[in-house]
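Undergrad: Please read through the structure below; I'll follow up with questions.
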Number of protein chains: 2
Amino acid sequence: MQVNGKNYRTVWMKGQSVFMIEQRLLPHTFKVVELKSLDSVCDAISTMVVRGAGAIGASGAFGLALGVLNDDSLDLSEFKKNILIYYKKLVETRPTANDLKHGLDFVMARITDCNDILKIKNLAYIAACEYADTGSENCRKIGEHGAKLIKDGYKILTHCNAGWLAFVDFGSALSPVYTASRSGKKVFVYVDETRPRLQGANLTSFELSGENIPHSIIADNAAGFFMQKGSVNMVITGADRIAVNGDAANKIGTYEKAVLAFENGIPFYIAAPSSTIDLECESGKFIPIEKRDSSEVTQVYGRLKDGSFGSVLVAPSGSNAENPAFDVTPARYITGIITEKGVIKANRKSILENFGK
Amino acid sequence: MQVNGKNYRTVWMKGQSVFMIEQRLLPHTFKVVELKSLDSVCDAISTMVVRGAGAIGASGAFGLALGVLNDDSLDLSEFKKNILIYYKKLVETRPTANDLKHGLDFVMARITDCNDILKIKNLAYIAACEYADTGSENCRKIGEHGAKLIKDGYKILTHCNAGWLAFVDFGSALSPVYTASRSGKKVFVYVDETRPRLQGANLTSFELSGENIPHSIIADNAAGFFMQKGSVNMVITGADRIAVNGDAANKIGTYEKAVLAFENGIPFYIAAPSSTIDLECESGKFIPIEKRDSSEVTQVYGRLKDGSFGSVLVAPSGSNAENPAFDVTPARYITGIITEKGVIKANRKSILENFGK
């Protein structure tokens, strides 16, 4: 994606550093942070400097490569023991996203049989870069397949940010929108603001502006209103983990929008690369749901009048809030899953046929 | 309701002034404002110093009485012409709430046949006070009827603020909760924060804290999650206008929660006094929906770290947002309407039997 005429990925590695776009400052300030240690990558993932299924996956892969590169052990077994510790640290930063484990496992698979410290370092670096490249390419393909579903003049509703910033490039839910728009189709996007972290208002609107795609930010509460009015032709969201039966975990509120789309006869698509599918997970009820801090609900973070960043308190001080970060949309509400291999049905048969081992 | 050991109504009149609680500063600062002119009452309604169906209705009635009292015309026909201007000014401040017109019409009916300026002033004042008293009493009765639906241990989800602050006293949706709790039943409330204006996070949580009722504020996006989990026994919301066929307009997002309750087999109740029923309105499609400023979506207002009040920008500056303030929940999703006369069905027959002219 282009920002100020320059091409950017969301996360990348150069030398002994991982670079990522500081997403918490967007859309107001565009800044790239350089991370030189595994711990700082862990911190960046858990505090949401970087967020979004694919971007977390690539960050995990790069973080693991960084840990491996920075490890000065001379003893192979100590070195390998350390790598397992790095793996564990990284995989625990966000419990719901499947891509994180997928990215880490991808790197691990490439190094596990190697017994040469220098070679392992090389292999880990190459694997992480390859993981990011493949992730980017898969998202591009999702765009191609998904764009075929979008007719000229369509109004599309999306929830959270599943665009370029949520992946290495292109995105999942927004990739078909970008492809359709670049091919000359007129599209309009309703952007759910996506409380509590407001990734829709902050990030999706930033991306759509960059692509000159007309859109309106709406309160999450208004999505049903526009569906009921007949103003929404389709809903596309991303996913953080898809179970074998087609149930999909995604940002909190996705389940609500899926039920409302179903009730209003509007197609509801999940767009996600195969890295999001968890073949070990039989159904949505086994997907762990991350609970985040209640302050994300009671305090709203953004740009203050003086240009600095801060929060406003929007509840009685000390009040209780619950903050599940994800929910699970049962497969029966999902019209189809847009993957790098094409649009598949959200059921066990279709998922195993296309992505079974 | 009690605040700091003192009993308060949301809005009242004393001498030539209308007093109301400044709701935009809650829950952080409790302040009563004194309004000495009709224009300042209009301003307070449209800028949401006061909000909520019944509170707007009483504010309209008091505002009209204030306009009448302050009018110095000596000529009766000029005086009466002015009253029509005051009526028009007030009724246009908020288009969706039926109670506003109801309150104004109540005062008008009492003065319309009188041809003595001094008597009209007296009648208007008495009518406005009576309107407020009746509104308060009806809400108390809603509490009694609604509490019968609440079992010990129930977890209740509510949207927006339909409590004491939304009416003259007691509230609609929260009145049954208060009555149940005061009678010794254990209740727990999930409080939808209610974007964009956050009346749930700010006001409902403030009220529930005052009554020592355990509750959690949640992002509106999380309501479906808790319903799906089986954590919600019933949903109660207020309404701003109910059509003869039972369709109910209420705060944006209510429709979403009603559909989700329906889908999850959870009873969904509207609690509203008969003043909310618009017998002239055949169905929800005729209810005008207020569109408010987009800045309510792109900027979030609250208490800053230094204790002052301000906003944070949560979207690219200059970005487009749409902000419908209400939506319509079709009658088929409504289990029942809790009124001052009891719980009735949300259909034409039941509404006309109980509240037809």
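Chain lettering (A, B, ...) mirrors the order of the structure tokens, residue numbering begins at 1 for each chain separately, and ligand numbering begins at 1 in order of display.
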Taking the DSSP assignment computed from this structure's backbone, write out as a PyMOL selection string all residues of stretch 92-291 of chain A that belong to helix (DSSP H, G or I).
TA: chain A and resi 98-111+117-147+164-166+174-182+199-210+220-228+254-263+274-276+284-286
Undergrad: What are the nearest atom pairs, with distances in Å to one decimal, for all residues of chain B that come at most 7 Å from chain A, using only C-alpha atoms, set out by chain and rising residue number as JSON lines?
TA:
{"residue": "B:Pro27", "atom": "CA", "partner": "A:Pro316", "partner_atom": "CA", "distance": 5.3}
{"residue": "B:His28", "atom": "CA", "partner": "A:Pro316", "partner_atom": "CA", "distance": 6.4}
{"residue": "B:Arg195", "atom": "CA", "partner": "A:Ala219", "partner_atom": "CA", "distance": 6.1}
{"residue": "B:Pro196", "atom": "CA", "partner": "A:Ala219", "partner_atom": "CA", "distance": 6.1}
{"residue": "B:Ala201", "atom": "CA", "partner": "A:Ala315", "partner_atom": "CA", "distance": 5.0}
{"residue": "B:Asn202", "atom": "CA", "partner": "A:Ala315", "partner_atom": "CA", "distance": 4.8}
{"residue": "B:Phe206", "atom": "CA", "partner": "A:Pro316", "partner_atom": "CA", "distance": 6.2}
{"residue": "B:His215", "atom": "CA", "partner": "A:Asn320", "partner_atom": "CA", "distance": 6.9}
{"residue": "B:Ser216", "atom": "CA", "partner": "A:Ala321", "partner_atom": "CA", "distance": 4.7}
{"residue": "B:Ile217", "atom": "CA", "partner": "A:Ala321", "partner_atom": "CA", "distance": 4.4}
{"residue": "B:Ile218", "atom": "CA", "partner": "A:Glu322", "partner_atom": "CA", "distance": 5.6}
{"residue": "B:Ala219", "atom": "CA", "partner": "A:Pro196", "partner_atom": "CA", "distance": 6.1}
{"residue": "B:Asp220", "atom": "CA", "partner": "A:Asn221", "partner_atom": "CA", "distance": 6.8}
{"residue": "B:Asn221", "atom": "CA", "partner": "A:Gly253", "partner_atom": "CA", "distance": 4.0}
{"residue": "B:Ala222", "atom": "CA", "partner": "A:Gly253", "partner_atom": "CA", "distance": 5.9}
{"residue": "B:Gly224", "atom": "CA", "partner": "A:Glu256", "partner_atom": "CA", "distance": 5.5}
{"residue": "B:Phe225", "atom": "CA", "partner": "A:Asp327", "partner_atom": "CA", "distance": 6.0}
{"residue": "B:Ile252", "atom": "CA", "partner": "A:Asn221", "partner_atom": "CA", "distance": 5.7}
{"residue": "B:Gly253", "atom": "CA", "partner": "A:Asn221", "partner_atom": "CA", "distance": 4.0}
{"residue": "B:Tyr255", "atom": "CA", "partner": "A:Gly224", "partner_atom": "CA", "distance": 6.8}
{"residue": "B:Glu256", "atom": "CA", "partner": "A:Gly224", "partner_atom": "CA", "distance": 5.5}
{"residue": "B:Val259", "atom": "CA", "partner": "A:Leu260", "partner_atom": "CA", "distance": 7.0}
{"residue": "B:Leu260", "atom": "CA", "partner": "A:Glu256", "partner_atom": "CA", "distance": 6.9}
{"residue": "B:Val297", "atom": "CA", "partner": "A:Ala219", "partner_atom": "CA", "distance": 6.4}
{"residue": "B:Tyr301", "atom": "CA", "partner": "A:Val312", "partner_atom": "CA", "distance": 6.9}
{"residue": "B:Gly302", "atom": "CA", "partner": "A:Val312", "partner_atom": "CA", "distance": 4.9}
{"residue": "B:Arg303", "atom": "CA", "partner": "A:Leu313", "partner_atom": "CA", "distance": 5.0}
{"residue": "B:Leu304", "atom": "CA", "partner": "A:Val312", "partner_atom": "CA", "distance": 4.9}
{"residue": "B:Ser311", "atom": "CA", "partner": "A:Leu304", "partner_atom": "CA", "distance": 6.7}
{"residue": "B:Val312", "atom": "CA", "partner": "A:Leu304", "partner_atom": "CA", "distance": 4.9}
{"residue": "B:Leu313", "atom": "CA", "partner": "A:Arg303", "partner_atom": "CA", "distance": 5.0}
{"residue": "B:Val314", "atom": "CA", "partner": "A:Gly302", "partner_atom": "CA", "distance": 5.1}
{"residue": "B:Ala315", "atom": "CA", "partner": "A:Asn202", "partner_atom": "CA", "distance": 4.8}
{"residue": "B:Pro316", "atom": "CA", "partner": "A:Pro27", "partner_atom": "CA", "distance": 5.3}
{"residue": "B:Asn320", "atom": "CA", "partner": "A:Ser216", "partner_atom": "CA", "distance": 5.1}
{"residue": "B:Ala321", "atom": "CA", "partner": "A:Ile217", "partner_atom": "CA", "distance": 4.4}
{"residue": "B:Glu322", "atom": "CA", "partner": "A:Ile218", "partner_atom": "CA", "distance": 5.5}
{"residue": "B:Asn323", "atom": "CA", "partner": "A:Ile218", "partner_atom": "CA", "distance": 6.5}
{"residue": "B:Asp327", "atom": "CA", "partner": "A:Phe225", "partner_atom": "CA", "distance": 6.0}
Undergrad: Compile the contact shell of A:Arg348 as a ChimeraX atom specification: residues with an atom at most 7 Å away, counting only C-alpha atoms, same-chain residues fewer than 3 positions apart removed.
TA: /A:244-246,351-352
Undergrad: Please write the residues from the selection above to a file, keeping N, CA and C atoms, as a PDB file, in the first residue's frame.
TA:
ATOM      1  N   VAL A 244     -12.853 -25.997  11.877  1.00  0.00           N
ATOM      2  CA  VAL A 244     -13.054 -26.915  10.746  1.00  0.00           C
ATOM      3  C   VAL A 244     -14.518 -26.942  10.292  1.00  0.00           C
ATOM      4  N   ASN A 245     -15.429 -26.676  11.201  1.00  0.00           N
ATOM      5  CA  ASN A 245     -16.853 -26.703  10.816  1.00  0.00           C
ATOM      6  C   ASN A 245     -17.318 -25.382  10.203  1.00  0.00           C
ATOM      7  N   GLY A 246     -16.405 -24.400  10.082  1.00  0.00           N
ATOM      8  CA  GLY A 246     -16.754 -23.134   9.446  1.00  0.00           C
ATOM      9  C   GLY A 246     -17.086 -22.009  10.409  1.00  0.00           C
ATOM     10  N   ILE A 351     -14.133 -27.111   3.731  1.00  0.00           N
ATOM     11  CA  ILE A 351     -12.852 -26.699   4.329  1.00  0.00           C
ATOM     12  C   ILE A 351     -11.830 -27.829   4.214  1.00  0.00           C
ATOM     13  N   LEU A 352     -12.235 -29.054   4.496  1.00  0.00           N
ATOM     14  CA  LEU A 352     -11.280 -30.172   4.434  1.00  0.00           C
ATOM     15  C   LEU A 352     -10.890 -30.496   2.986  1.00  0.00           C
TER      16      LEU A 352
END
Undergrad: Which residues, written as an NGL selection string, have at least one atom at most 10 Å from B:Phe262, with only C-alpha atoms counted and residues fewer than 3 positions away on the same chain left out?
TA: :B and (256-259 or 265-268 or 332-335)
Undergrad: Residues of the last selection are to be written out with N, CA, C and O atoms, as an mmCIF file, in the first residue's frame.
TA:
data_model
loop_
_atom_site.group_PDB
_atom_site.id
_atom_site.type_symbol
_atom_site.label_atom_id
_atom_site.label_comp_id
_atom_site.auth_asym_id
_atom_site.auth_seq_id
_atom_site.Cartn_x
_atom_site.Cartn_y
_atom_site.Cartn_z
ATOM 1 N N GLU B 256 -30.806 -3.737 16.580
ATOM 2 C CA GLU B 256 -29.791 -4.809 16.559
ATOM 3 C C GLU B 256 -29.967 -5.741 17.753
ATOM 4 O O GLU B 256 -29.925 -6.968 17.627
ATOM 5 N N LYS B 257 -30.126 -5.147 18.933
ATOM 6 C CA LYS B 257 -30.218 -5.968 20.142
ATOM 7 C C LYS B 257 -31.508 -6.793 20.149
ATOM 8 O O LYS B 257 -31.532 -7.917 20.653
ATOM 9 N N ALA B 258 -32.571 -6.211 19.585
ATOM 10 C CA ALA B 258 -33.851 -6.938 19.531
ATOM 11 C C ALA B 258 -33.733 -8.161 18.624
ATOM 12 O O ALA B 258 -34.201 -9.252 18.967
ATOM 13 N N VAL B 259 -33.095 -7.992 17.461
ATOM 14 C CA VAL B 259 -32.915 -9.112 16.540
ATOM 15 C C VAL B 259 -32.052 -10.190 17.209
ATOM 16 O O VAL B 259 -32.342 -11.390 17.115
ATOM 17 N N GLY B 265 -33.546 -16.475 21.528
ATOM 18 C CA GLY B 265 -34.670 -16.890 22.360
ATOM 19 C C GLY B 265 -34.767 -16.168 23.688
ATOM 20 O O GLY B 265 -35.227 -16.727 24.689
ATOM 21 N N ILE B 266 -34.332 -14.906 23.710
ATOM 22 C CA ILE B 266 -34.353 -14.107 24.943
ATOM 23 C C ILE B 266 -35.502 -13.106 24.851
ATOM 24 O O ILE B 266 -35.636 -12.407 23.843
ATOM 25 N N PRO B 267 -36.351 -13.002 25.882
ATOM 26 C CA PRO B 267 -37.448 -12.032 25.811
ATOM 27 C C PRO B 267 -36.923 -10.597 25.694
ATOM 28 O O PRO B 267 -35.973 -10.223 26.378
ATOM 29 N N PHE B 268 -37.552 -9.846 24.815
ATOM 30 C CA PHE B 268 -37.157 -8.457 24.583
ATOM 31 C C PHE B 268 -38.351 -7.559 24.885
ATOM 32 O O PHE B 268 -39.364 -7.618 24.183
ATOM 33 N N ARG B 332 -42.612 -7.497 15.651
ATOM 34 C CA ARG B 332 -42.470 -8.959 15.767
ATOM 35 C C ARG B 332 -41.298 -9.370 16.660
ATOM 36 O O ARG B 332 -41.235 -10.507 17.122
ATOM 37 N N TYR B 333 -40.367 -8.448 16.904
ATOM 38 C CA TYR B 333 -39.240 -8.778 17.789
ATOM 39 C C TYR B 333 -39.524 -8.424 19.251
ATOM 40 O O TYR B 333 -38.682 -8.654 20.116
ATOM 41 N N ILE B 334 -40.658 -7.788 19.502
ATOM 42 C CA ILE B 334 -40.931 -7.257 20.843
ATOM 43 C C ILE B 334 -41.857 -8.214 21.605
ATOM 44 O O ILE B 334 -43.002 -8.449 21.198
ATOM 45 N N THR B 335 -41.358 -8.760 22.704
ATOM 46 C CA THR B 335 -42.132 -9.716 23.500
ATOM 47 C C THR B 335 -43.330 -9.034 24.145
ATOM 48 O O THR B 335 -44.412 -9.612 24.242
#
Undergrad: Just want the 10 Å neighbourhood of B:Gly67, counted on only C-alpha atoms, with same-chain residues fewer than 6 positions away dropped. Output as a list in words.
TA: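 Listed by chain and then number, they are Gln16, Lys36, Ser37, Leu38, Asp39, Val41, Ala61, Asn82, Ile83, Ile85, Tyr86, Tyr87, Lys121 and Ala124 of chain B.
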Undergrad: Name all residues at most 7 Å from A:Gly284 (count only C-alpha atoms; drop same-chain ones fewer than 4 positions away) and give them as a ChimeraX atom specification.
TA: /A:243,247-248,328
Undergrad: Could you list, as a ChimeraX atom specification, every residue within 12 Å of A:His145, counting only C-alpha atoms and ignoring same-chain residues fewer than 2 positions away?
TA: /A:138-143,147-150,172-173,175-180,271-273,336-344
Undergrad: Between A:Val11, A:Ala127, A:Ile242, A:Leu118, which residue has the minimum interatomic distance to A:Pro330, considering only C-alpha atoms?
TA: A:Ile242
